[in-house]
file my_file-v5.cif (mmCIF, C-alpha atoms)
data_data
loop_
_atom_site.group_PDB
_atom_site.id
_atom_site.type_symbol
_atom_site.label_atom_id
_atom_site.label_comp_id
_atom_site.auth_asym_id
_atom_site.auth_seq_id
_atom_site.Cartn_x
_atom_site.Cartn_y
_atom_site.Cartn_z
ATOM 1 C CA MET A 7 171.948 46.342 251.899
ATOM 2 C CA ILE A 8 170.821 45.485 248.386
ATOM 3 C CA ALA A 9 168.809 48.175 246.618
ATOM 4 C CA PRO A 10 165.212 47.156 245.927
ATOM 5 C CA THR A 11 164.259 46.303 242.367
ATOM 6 C CA PRO A 12 161.575 48.372 240.622
ATOM 7 C CA GLU A 13 159.183 45.417 240.988
ATOM 8 C CA GLN A 14 159.884 45.265 244.714
ATOM 9 C CA GLN A 15 159.364 49.005 245.127
ATOM 10 C CA ILE A 16 155.973 48.816 243.409
ATOM 11 C CA PHE A 17 154.934 45.753 245.415
ATOM 12 C CA MET A 18 156.043 47.287 248.718
ATOM 13 C CA GLN A 19 153.831 50.347 248.197
ATOM 14 C CA ASP A 20 150.806 48.199 249.023
ATOM 15 C CA ASP A 21 149.826 47.347 252.570
ATOM 16 C CA VAL A 22 150.537 43.845 253.856
ATOM 17 C CA SER A 23 146.972 42.664 253.334
ATOM 18 C CA THR A 24 147.036 43.691 249.671
ATOM 19 C CA ARG A 25 150.424 42.033 249.187
ATOM 20 C CA LEU A 26 149.049 38.817 250.653
ATOM 21 C CA HIS A 27 146.085 39.000 248.302
ATOM 22 C CA HIS A 28 148.575 39.199 245.405
ATOM 23 C CA LEU A 29 150.281 36.106 246.799
ATOM 24 C CA ALA A 30 146.915 34.339 247.062
ATOM 25 C CA GLU A 31 146.212 35.171 243.407
ATOM 26 C CA HIS A 32 149.507 33.540 242.454
ATOM 27 C CA LEU A 33 148.697 30.459 244.520
ATOM 28 C CA GLU A 34 145.292 30.221 242.865
ATOM 29 C CA GLN A 35 146.959 30.211 239.444
ATOM 30 C CA VAL A 36 149.504 27.630 240.584
ATOM 31 C CA GLN A 37 146.744 25.406 241.941
ATOM 32 C CA PHE A 38 144.991 25.462 238.580
ATOM 33 C CA LEU A 39 148.211 24.863 236.664
ATOM 34 C CA TRP A 40 149.050 21.709 238.634
ATOM 35 C CA THR A 41 146.230 20.050 236.699
ATOM 36 C CA GLU A 42 147.488 21.144 233.286
ATOM 37 C CA THR A 43 150.057 18.985 231.504
ATOM 38 C CA SER A 44 151.661 21.800 229.536
ATOM 39 C CA SER A 45 151.861 24.444 232.246
ATOM 40 C CA GLN A 46 155.206 23.633 233.852
ATOM 41 C CA ASP A 47 156.829 26.630 232.162
ATOM 42 C CA LEU A 48 154.004 28.880 233.340
ATOM 43 C CA MET A 49 154.194 27.699 236.940
ATOM 44 C CA MET A 50 157.890 28.131 237.601
ATOM 45 C CA PRO A 51 157.858 31.958 237.369
ATOM 46 C CA LEU A 52 154.748 32.107 239.574
ATOM 47 C CA VAL A 53 156.370 29.955 242.245
ATOM 48 C CA LYS A 54 159.574 31.997 242.132
ATOM 49 C CA GLU A 55 157.729 35.307 242.286
ATOM 50 C CA SER A 56 155.600 34.013 245.163
ATOM 51 C CA ARG A 57 158.802 33.443 247.129
ATOM 52 C CA TYR A 58 159.774 37.058 246.474
ATOM 53 C CA PHE A 59 156.336 38.204 247.627
ATOM 54 C CA LEU A 60 156.952 36.369 250.894
ATOM 55 C CA GLU A 61 160.457 37.778 251.238
ATOM 56 C CA TRP A 62 159.114 41.300 250.757
ATOM 57 C CA THR A 63 156.117 40.880 253.095
ATOM 58 C CA VAL A 64 157.208 38.824 256.107
ATOM 59 C CA PRO A 65 159.626 41.439 257.541
ATOM 60 C CA ASP A 66 156.825 44.006 257.770
ATOM 61 C CA MET A 67 154.670 41.479 259.591
ATOM 62 C CA VAL A 68 157.495 40.845 262.059
ATOM 63 C CA LYS A 69 157.877 44.601 262.609
ATOM 64 C CA ALA A 70 154.158 44.696 263.423
ATOM 65 C CA ASP A 71 154.741 41.968 266.035
ATOM 66 C CA ASN A 72 152.734 39.486 263.985
ATOM 67 C CA ILE A 73 155.320 36.772 264.524
ATOM 68 C CA ASP A 74 153.080 33.696 264.402
ATOM 69 C CA ARG A 75 151.527 34.532 261.047
ATOM 70 C CA ALA A 76 154.890 35.600 259.666
ATOM 71 C CA ALA A 77 156.313 32.227 260.726
ATOM 72 C CA GLU A 78 153.481 30.459 258.921
ATOM 73 C CA LEU A 79 154.376 32.308 255.749
ATOM 74 C CA VAL A 80 158.030 31.350 256.182
ATOM 75 C CA ASP A 81 156.807 27.743 256.178
ATOM 76 C CA LEU A 82 155.065 28.422 252.863
ATOM 77 C CA GLY A 83 158.378 29.721 251.552
ATOM 78 C CA ARG A 84 159.974 26.430 252.558
ATOM 79 C CA VAL A 85 157.314 24.506 250.639
ATOM 80 C CA LEU A 86 157.851 26.621 247.529
ATOM 81 C CA THR A 87 161.620 26.201 247.804
ATOM 82 C CA HIS A 88 161.219 22.437 248.166
ATOM 83 C CA TRP A 89 159.165 22.398 244.972
ATOM 84 C CA LEU A 90 161.806 24.344 243.089
ATOM 85 C CA PHE A 91 164.606 22.032 244.204
ATOM 86 C CA HIS A 92 162.592 18.904 243.334
ATOM 87 C CA TRP A 93 160.697 20.318 240.372
ATOM 88 C CA ASP A 94 161.414 17.589 237.819
ATOM 89 C CA ASN A 95 160.641 14.783 240.278
ATOM 90 C CA ILE A 96 157.379 16.369 241.380
ATOM 91 C CA TRP A 97 156.324 17.175 237.852
ATOM 92 C CA SER A 98 156.951 13.632 236.584
ATOM 93 C CA ASP A 99 155.169 11.848 239.455
ATOM 94 C CA ALA A 100 151.359 12.024 239.508
ATOM 95 C CA GLU A 101 151.180 11.365 243.265
ATOM 96 C CA GLN A 102 153.687 14.106 244.097
ATOM 97 C CA LYS A 103 151.789 16.511 241.847
ATOM 98 C CA ARG A 104 148.557 15.608 243.638
ATOM 99 C CA VAL A 105 150.200 16.268 247.011
ATOM 100 C CA ALA A 106 151.601 19.585 245.773
ATOM 101 C CA GLN A 107 148.192 20.589 244.458
ATOM 102 C CA GLY A 108 146.685 19.819 247.875
ATOM 103 C CA GLN A 109 149.405 21.837 249.598
ATOM 104 C CA THR A 110 148.697 24.717 247.247
ATOM 105 C CA GLN A 111 144.992 24.588 248.071
ATOM 106 C CA ASP A 112 145.699 24.544 251.812
ATOM 107 C CA TRP A 113 148.148 27.446 251.580
ATOM 108 C CA LEU A 114 145.814 29.428 249.330
ATOM 109 C CA HIS A 115 143.126 29.117 251.989
ATOM 110 C CA ARG A 116 145.489 30.094 254.820
ATOM 111 C CA VAL A 117 147.072 33.037 252.988
ATOM 112 C CA SER A 118 143.587 34.326 252.164
ATOM 113 C CA GLU A 119 142.617 34.059 255.837
ATOM 114 C CA ILE A 120 145.695 35.984 256.921
ATOM 115 C CA ALA A 121 145.165 38.603 254.206
ATOM 116 C CA ASP A 122 141.589 39.152 255.371
ATOM 117 C CA THR A 123 142.777 39.918 258.903
ATOM 118 C CA GLU A 124 142.425 43.534 259.901
ATOM 119 C CA PRO A 125 145.119 45.421 257.935
ATOM 120 C CA GLU A 126 146.361 47.317 260.997
ATOM 121 C CA ALA A 127 147.026 43.981 262.711
ATOM 122 C CA LEU A 128 149.356 42.968 259.889
ATOM 123 C CA SER A 129 151.595 45.978 259.327
ATOM 124 C CA ALA A 130 153.727 48.240 261.418
#

call {"tool": "encode", "arguments": {"input": "my_file-v5.cif", "output": "structure tokens"}}
result
Amino acid sequence: MIAPTPEQQIFMQDDVSTRLHHLAEHLEQVQFLWTETSSQDLMMPLVKESRYFLEWTVPDMVKADNIDRAAELVDLGRVLTHWLFHWDNIWSDAEQKRVAQGQTQDWLHRVSEIADTEPEALSA
């Protein structure tokens, strides 16, 4: 097993609900940055870190038998990964950016809903 990074250790000290709120904050920033022309360099680290947030949160949700919500968040991870692999194409195409911004808004709403669920229902 790989030893956790200091960032992961700090992040994992929070309960699942708090971690999801951190993820929602990142998504909110990403949503705003989709509209900015010079923010590509600012977005990439947020998207990458958001994937880590998911990687560090979903297993605790599974342990708490919250499989359906955990699976939803895995789907968000797939979306973020798709963006990273197609970053230049998305960034250079106004329609793809618009779609990505809409996806971000939808996921921001859903992650916030999950985060606002009773904390004991989210963690083991």

call {"tool": "resolve_selection", "arguments": {"input": "my_file-v5.cif", "expression": "the PyMOL selection byres ((chain A and resi 98-109) around 10)", "output": "tab-separated table (two decimals) with C-alpha atoms, keeping the file's coordinate frame"}}
result
chain	number	residue	atom	x	y	z
A	33	LEU	CA	148.70	30.46	244.52
A	36	VAL	CA	149.50	27.63	240.58
A	37	GLN	CA	146.74	25.41	241.94
A	38	PHE	CA	144.99	25.46	238.58
A	39	LEU	CA	148.21	24.86	236.66
A	40	TRP	CA	149.05	21.71	238.63
A	41	THR	CA	146.23	20.05	236.70
A	82	LEU	CA	155.06	28.42	252.86
A	85	VAL	CA	157.31	24.51	250.64
A	86	LEU	CA	157.85	26.62	247.53
A	89	TRP	CA	159.16	22.40	244.97
A	93	TRP	CA	160.70	20.32	240.37
A	94	ASP	CA	161.41	17.59	237.82
A	95	ASN	CA	160.64	14.78	240.28
A	96	ILE	CA	157.38	16.37	241.38
A	97	TRP	CA	156.32	17.18	237.85
A	110	THR	CA	148.70	24.72	247.25
A	111	GLN	CA	144.99	24.59	248.07
A	112	ASP	CA	145.70	24.54	251.81
A	113	TRP	CA	148.15	27.45	251.58
A	114	LEU	CA	145.81	29.43	249.33
A	115	HIS	CA	143.13	29.12	251.99

call {"tool": "residues_near_point", "arguments": {"input": "my_file-v5.cif", "point": "(159.1, 31.4, 242.1)", "cutoff": "10 Å", "atoms": "all atoms listed in the file", "output": "PyMOL selection string"}}
result
chain A and resi 32+49-59+83+86-87+89-90

call {"tool": "closest_residue", "arguments": {"input": "my_file-v5.cif", "among": "A:Gln35, A:Thr63, A:Ala30, A:Lys69", "to": "A:Glu119", "atoms": "all atoms listed in the file"}}
result
A:Ala30

call {"tool": "atom_distance", "arguments": {"input": "my_file-v5.cif", "atom1": "atom CA of A:Phe17", "atom2": "atom CA of A:Trp62"}}
result
8.1 Å

call {"tool": "atom_distance", "arguments": {"input": "my_file-v5.cif", "atom1": "atom CA of A:Gln15", "atom2": "atom CA of A:Glu34"}}
result
23.6 Å

call {"tool": "resolve_selection", "arguments": {"input": "my_file-v5.cif", "expression": "the PyMOL selection byres ((chain A and resi 64) around 10)", "output": "PDB file with C-alpha atoms, in the frame of the given file"}}
result
ATOM      1  CA  VAL A  22     150.537  43.845 253.856  1.00  0.00           C
ATOM      2  CA  LEU A  26     149.049  38.817 250.653  1.00  0.00           C
ATOM      3  CA  PHE A  59     156.336  38.204 247.627  1.00  0.00           C
ATOM      4  CA  LEU A  60     156.952  36.369 250.894  1.00  0.00           C
ATOM      5  CA  GLU A  61     160.457  37.778 251.238  1.00  0.00           C
ATOM      6  CA  TRP A  62     159.114  41.300 250.757  1.00  0.00           C
ATOM      7  CA  THR A  63     156.117  40.880 253.095  1.00  0.00           C
ATOM      8  CA  PRO A  65     159.626  41.439 257.541  1.00  0.00           C
ATOM      9  CA  ASP A  66     156.825  44.006 257.770  1.00  0.00           C
ATOM     10  CA  MET A  67     154.670  41.479 259.591  1.00  0.00           C
ATOM     11  CA  VAL A  68     157.495  40.845 262.059  1.00  0.00           C
ATOM     12  CA  LYS A  69     157.877  44.601 262.609  1.00  0.00           C
ATOM     13  CA  ALA A  70     154.158  44.696 263.423  1.00  0.00           C
ATOM     14  CA  ASN A  72     152.734  39.486 263.985  1.00  0.00           C
ATOM     15  CA  ILE A  73     155.320  36.772 264.524  1.00  0.00           C
ATOM     16  CA  ARG A  75     151.527  34.532 261.047  1.00  0.00           C
ATOM     17  CA  ALA A  76     154.890  35.600 259.666  1.00  0.00           C
ATOM     18  CA  ALA A  77     156.313  32.227 260.726  1.00  0.00           C
ATOM     19  CA  GLU A  78     153.481  30.459 258.921  1.00  0.00           C
ATOM     20  CA  LEU A  79     154.376  32.308 255.749  1.00  0.00           C
ATOM     21  CA  VAL A  80     158.030  31.350 256.182  1.00  0.00           C
ATOM     22  CA  LEU A 128     149.356  42.968 259.889  1.00  0.00           C
ATOM     23  CA  SER A 129     151.595  45.978 259.327  1.00  0.00           C
TER      24      SER A 129
END

call {"tool": "residues_around", "arguments": {"input": "my_file-v5.cif", "residues": "A:Ile16", "least_positions_apart": "4", "cutoff": "12 Å", "atoms": "only C-alpha atoms", "output": "ChimeraX atom specification"}}
result
/A:10-12,20-21,25,59,62

call {"tool": "atom_distance", "arguments": {"input": "my_file-v5.cif", "atom1": "atom CA of A:Gln14", "atom2": "atom CA of A:His92"}}
result
26.5 Å

call {"tool": "axis_aligned_box", "arguments": {"input": "my_file-v5.cif", "around": "stretch 106-120 of chain A", "padding_each_side": "5 Å", "output": "AutoDock Vina command-line options"}}
result
--center_x 147.1 --center_y 27.8 --center_z 250.7 --size_x 19.0 --size_y 26.4 --size_z 22.5
